[in-house]
Amino acid sequence: MKNLFRSGFPASILSTLLFFYSFHTASAQICGVNAGVDQTICVTEPLILSGTLGNANGSVVSWTKLSGPSAVISNPDSLITSVQGITPGNYVFQFSTMCSDGIIAKDMVSVTVLPQPISAQAGPDTTICYNAPIQLSGNEPPFPFTGKWTVSPSGGSFYPNANAANAIFISDSKAGVKRFTWTITNGICSVSDLKKVTIVHPEVNVDAGKDSVISCKGKCIVLYASYPGYSPPQSGLWTLISGPNEPVFSNATKPNSKLCNLIPGVYILKWSIQGPCLTASDTVKLTVENTLTPPASLGDQVYNNYCEDPVVTMQVITGAPLGPGETALWEHVGNDSTITYSPNRNQSSVLLGNLTGTFPYKFTYTHTAASGCSIKTQHTVYRSQPITGLTEPDDIQLPCDTTSTEFVIYLNRLRTISNSVTRKAIFISGPSDTGKISYKSVVDRNLTKDTWFVKDLHTAGTYIYRLEYSNACGTQYRDIEITVSRTPGTVNAGSDIILPCQQLSVRPIGSVNNPGIFNWSQISGPTTATISGETTLNPVIEDLSEGIYYFRLSNFGGPACASRSEDMRIIVTIAPPLVAATGADAAICCRKLQARCKFPTPY
């Protein structure tokens with residue numbers, strides 16, 4: 001909505017005058033303004049007016065309210081301004097400015113302000129059983145507002161639909177928490193309220209846990225019963241049915257309560273679940289043989305210090321030493337009757353013989369105190385297989401500016417090995433120890449395939465890594481060379497040099513940017529010069545002869561990247577130039593002037 005007008009003129013006359021004026025006056029100028037696009041906002045949102053100028057001088061701009069409820073324009077003389085005190089209704093604002101030719105340009109924008117909805121009420125939080133529908137109870141929105149239910153996490157169905165304030169929700173979950181949001185909106189303005197519904201689903205098969213026997217484990221035990229469901233409305237409770245004394249529950253309402261103050265005897269405990277979702281109970285028997293202190297133990301032991309070649313069929317295994325009145329018993333897990341024990345099974349340390357079967361061998365050491373309380377530990381005998389078939393990786397030359405690679409090493413699959421092969425990468429040499437190396441191992445039929453990954457090789461040069469493979473049978477090594485190339489930095493060989501007469505040495509000065517390795521070399525010249533410090537930027541060049549030499553400063557970033565170089569010239573003079581001679585004086589006719597000059601030797 002744009003208008004150009006001059007105060008006091010009808011529109012038709014003004015249009016004619018403007019046309020005539022623009023046609024006959026070279027200084028006439030038409031400018032434009034833009035009040036922005038029409039808006040629809042909520043009464044709680046800020047109202048911002050934003051005008052823009054076309055070909056206008058912009059010295060004077062003005063916002064005015066043409067129609068609508070009361071409101072205050074904060075900065076009517078600014079391009080962008082806020083409007084305060086708005087109320088629901090329709091507003092029209094005008095934006096104007098004075099063009100350079102005195103014509104006023106104006107534009108209008110409409111703003112619709114919608115009322116805020118009434119407060120949304122989703123209802124109080126509730127807890128229900130898993131087999132009951134969820135009855136929602138939101139407040140009805142007045143026209144023209146509408147309401148809608150949403151649920152998190154998603155899943156389930158609203159009946160008759162999600163827009164019904166008193167919808168019924170059928171959940172897809174049998175337990176957990178659903179969060180329902182009731183939103184009232186007119187499309188622009190909206191208010192919401194949250195209702196949390198906890199769905200309770202106790203374990204249908206109530207279980208007080210397995211019957212157990214406690215021997216030499218102290219005076220407490222942790223119970224393991226079935227889950228009663230969310231509390232409230234569900235609850236659980238441990239009670240003592242019978243026992244030699246009154247034990248102490250850490251929390252009798254928890255399924256995993258700790259039970260202490262036990263003495264030898266038999267306890268019968270009941271776990272009861274109550275609530276609207278399930279009411280049931282179960283019992284468990286707990287037998288306490290004694291509560292005496294068990295004997296000392298060395299813990300579980302592992303033996304893996306010998307290889308299969310040559311075959312070793314004997315192994316000494318050792319348990320905790322025996323004290324006065326204590327006994328010991330060694331038993332093979334699997335009951336292999338061919339194994340021998342020396343001197344017998346009842347010593348803390350025995351020599352096993354005839355270990356010719358399948359490894360690993362497992363043995364149980366039962367150590368019993370004089371009081372009759374015992375403890376068991378497990379002792380495992382491993383046999384190792386030598387590492388065979390370890391391949392040599394090929395050396396790698398990486399493409400230009402590549403800083404990572406991978407390579408593969410194979411070894412024969414170790415079928416009888418029980419203790420693992422250890423792998424370690426060792427940095428031997430290189431421009432810097434910044435690389436990171438790791439591996440991933442998989443079994444590929446009869447081979448083990450190790451893929452090694454190397455990264456962060458940022459400096460050009462050759463890196464050497466040693467891969468160490470070890471097990472109980474020994475250690476093997478494989479080396480790999482990885483050559484890294486980087487695009488070299490730029491080169492400046494410096495200015496050309498003309499030496500004073502009889503000077504036969506010089507020190508040029510170059511400059512090189514990283515990365516790379518630089519050096520000076522001779523490209524051409526009458527003789528081969530001597531370059532001292534060719535890997536410095538300021539070398540000494542000697543043994544020069546008369547003539548023109550070309551030297552090159554090169555920067556190398558590795559074999560896979562193109563090098564960078566620049567040449568410079570050195571001019572060497574030994575003898576001074578000849579005496580200039582123009583010949584004898586002479587008188588000549590016009591147009592027959594001829595000069596005879598003797599030219600020096602050129603370079």
# chains A, B, ... in the order shown; residues from 1 in each chain; ligands from 1
$ select_by_dssp --residues "segment 51-260 of chain A" --states "strand (DSSP E or B)" --output "PyMOL selection string"
chain A and resi 52-53+61-67+72-73+80-84+89-98+104-114+126-129+134-135+146-152+157-159+168-170+176-185+190-200+212-215+221-222+235-242+248-249+258-260
$ closest_atom_pairs --of "segment 359-401 of chain A" --to "segment 479-483 of chain A" --cutoff "9 Å" --atoms "only C-alpha atoms" --output "tab-separated table"
residue	atom	partner	partner_atom	distance
A:Glu392	CA	A:Asp479	CA	7.6
A:Pro393	CA	A:Ile480	CA	6.3
A:Asp394	CA	A:Ile480	CA	6.8
A:Asp395	CA	A:Glu481	CA	4.9
A:Ile396	CA	A:Ile482	CA	4.7
A:Gln397	CA	A:Thr483	CA	4.7
A:Leu398	CA	A:Thr483	CA	6.1
$ residues_around --residues "Trp452 of chain A" --least-positions-apart "2" --cutoff "7 Å" --atoms "only C-alpha atoms" --output "ChimeraX atom specification"
/A:406-408,437-440,450,454
$ write_last_selection --atoms "C-alpha atoms" --output "PDB file, in the first residue's frame"
ATOM      1  CA  GLU A 406      46.288 -48.929   7.420  1.00  0.00           C
ATOM      2  CA  PHE A 407      47.985 -52.255   6.768  1.00  0.00           C
ATOM      3  CA  VAL A 408      47.348 -55.914   7.523  1.00  0.00           C
ATOM      4  CA  ILE A 437      48.627 -46.521  15.987  1.00  0.00           C
ATOM      5  CA  SER A 438      45.969 -49.077  16.919  1.00  0.00           C
ATOM      6  CA  TYR A 439      44.705 -52.413  15.630  1.00  0.00           C
ATOM      7  CA  LYS A 440      41.591 -54.526  15.177  1.00  0.00           C
ATOM      8  CA  ASP A 450      45.208 -57.881  12.333  1.00  0.00           C
ATOM      9  CA  VAL A 454      48.030 -45.308  11.751  1.00  0.00           C
TER      10      VAL A 454
END
$ closest_atom_pairs --of "segment 226-249 of chain A" --to "segment 264-275 of chain A" --cutoff "6 Å" --atoms "only C-alpha atoms" --output "CSV"
residue,atom,partner,partner_atom,distance
A:Pro228,CA,A:Ile273,CA,5.8
A:Pro233,CA,A:Gly275,CA,5.7
A:Gln234,CA,A:Gly275,CA,4.4
A:Ser235,CA,A:Gln274,CA,5.4
A:Gly236,CA,A:Ile273,CA,4.5
A:Leu237,CA,A:Ser272,CA,5.3
A:Trp238,CA,A:Trp271,CA,4.8
A:Thr239,CA,A:Lys270,CA,5.3
A:Leu240,CA,A:Leu269,CA,4.8
A:Ile241,CA,A:Ile268,CA,5.3
A:Ser242,CA,A:Ile268,CA,5.2
A:Gly243,CA,A:Tyr267,CA,4.2
A:Pro244,CA,A:Gly265,CA,5.8
$ residues_around --residues "Ser432 of chain A" --least-positions-apart "3" --cutoff "8 Å" --atoms "only C-alpha atoms" --output "list in words"
Ser429, Gly435 and Thr459 of chain A
$ write_last_selection --atoms "N, CA, C and O atoms" --output "PDB file, in the first residue's frame"
ATOM      1  N   SER A 429      61.790 -44.790  14.608  1.00  0.00           N
ATOM      2  CA  SER A 429      62.388 -43.555  14.113  1.00  0.00           C
ATOM      3  C   SER A 429      61.390 -42.837  13.228  1.00  0.00           C
ATOM      4  O   SER A 429      60.410 -43.414  12.764  1.00  0.00           O
ATOM      5  N   GLY A 435      52.535 -39.835  15.636  1.00  0.00           N
ATOM      6  CA  GLY A 435      51.552 -40.746  15.073  1.00  0.00           C
ATOM      7  C   GLY A 435      50.852 -41.571  16.143  1.00  0.00           C
ATOM      8  O   GLY A 435      51.400 -41.834  17.216  1.00  0.00           O
ATOM      9  N   THR A 459      54.037 -34.761   9.801  1.00  0.00           N
ATOM     10  CA  THR A 459      55.322 -34.251   9.355  1.00  0.00           C
ATOM     11  C   THR A 459      55.878 -35.147   8.253  1.00  0.00           C
ATOM     12  O   THR A 459      55.847 -36.375   8.365  1.00  0.00           O
TER      13      THR A 459
END
$ residues_around --residues "Thr490 of chain A" --least-positions-apart "3" --cutoff "10 Å" --atoms "only C-alpha atoms" --output "list in words"
Thr487, Ser511, Val512, Asn513, Asn514, Pro515, Gly516, Ser554, Asn555, Ser563, Arg564, Ser565 and Glu566 of chain A
$ closest_residue --among "A:Ser521, A:Thr366, A:Ser505, A:Ser50" --to "Thr81 of chain A" --atoms "only C-alpha atoms"
A:Ser50
$ closest_residue --among "A:Trp63, A:Trp149, A:Tyr159, A:Tyr361" --to "Thr181 of chain A" --atoms "only C-alpha atoms"
A:Trp149
$ atom_distance --atom1 "atom CA of Lys148 of chain A" --atom2 "atom CA of Thr40 of chain A"
21.5 Å
$ closest_residue --among "A:Ile41, A:Val113, A:Ala369, A:Ile387" --to "Gly89 of chain A" --atoms "only C-alpha atoms"
A:Val113
$ closest_residue --among "A:Ser420, A:Thr338, A:Asn304, A:Gln522" --to "His379 of chain A" --atoms "only C-alpha atoms"
A:Asn304
$ atom_distance --atom1 "atom CA of Cys129 of chain A" --atom2 "atom CA of His201 of chain A"
6.3 Å
$ closest_residue --among "A:Val442, A:Ile428, A:Cys277, A:Val572" --to "Tyr463 of chain A" --atoms "only C-alpha atoms"
A:Ile428
$ closest_residue --among "A:Gln135, A:Thr183, A:Ser152, A:Asn166" --to "Ser119 of chain A" --atoms "only C-alpha atoms"
A:Thr183
$ atom_distance --atom1 "atom CA of Pro247 of chain A" --atom2 "atom CA of Gly229 of chain A"
25.6 Å
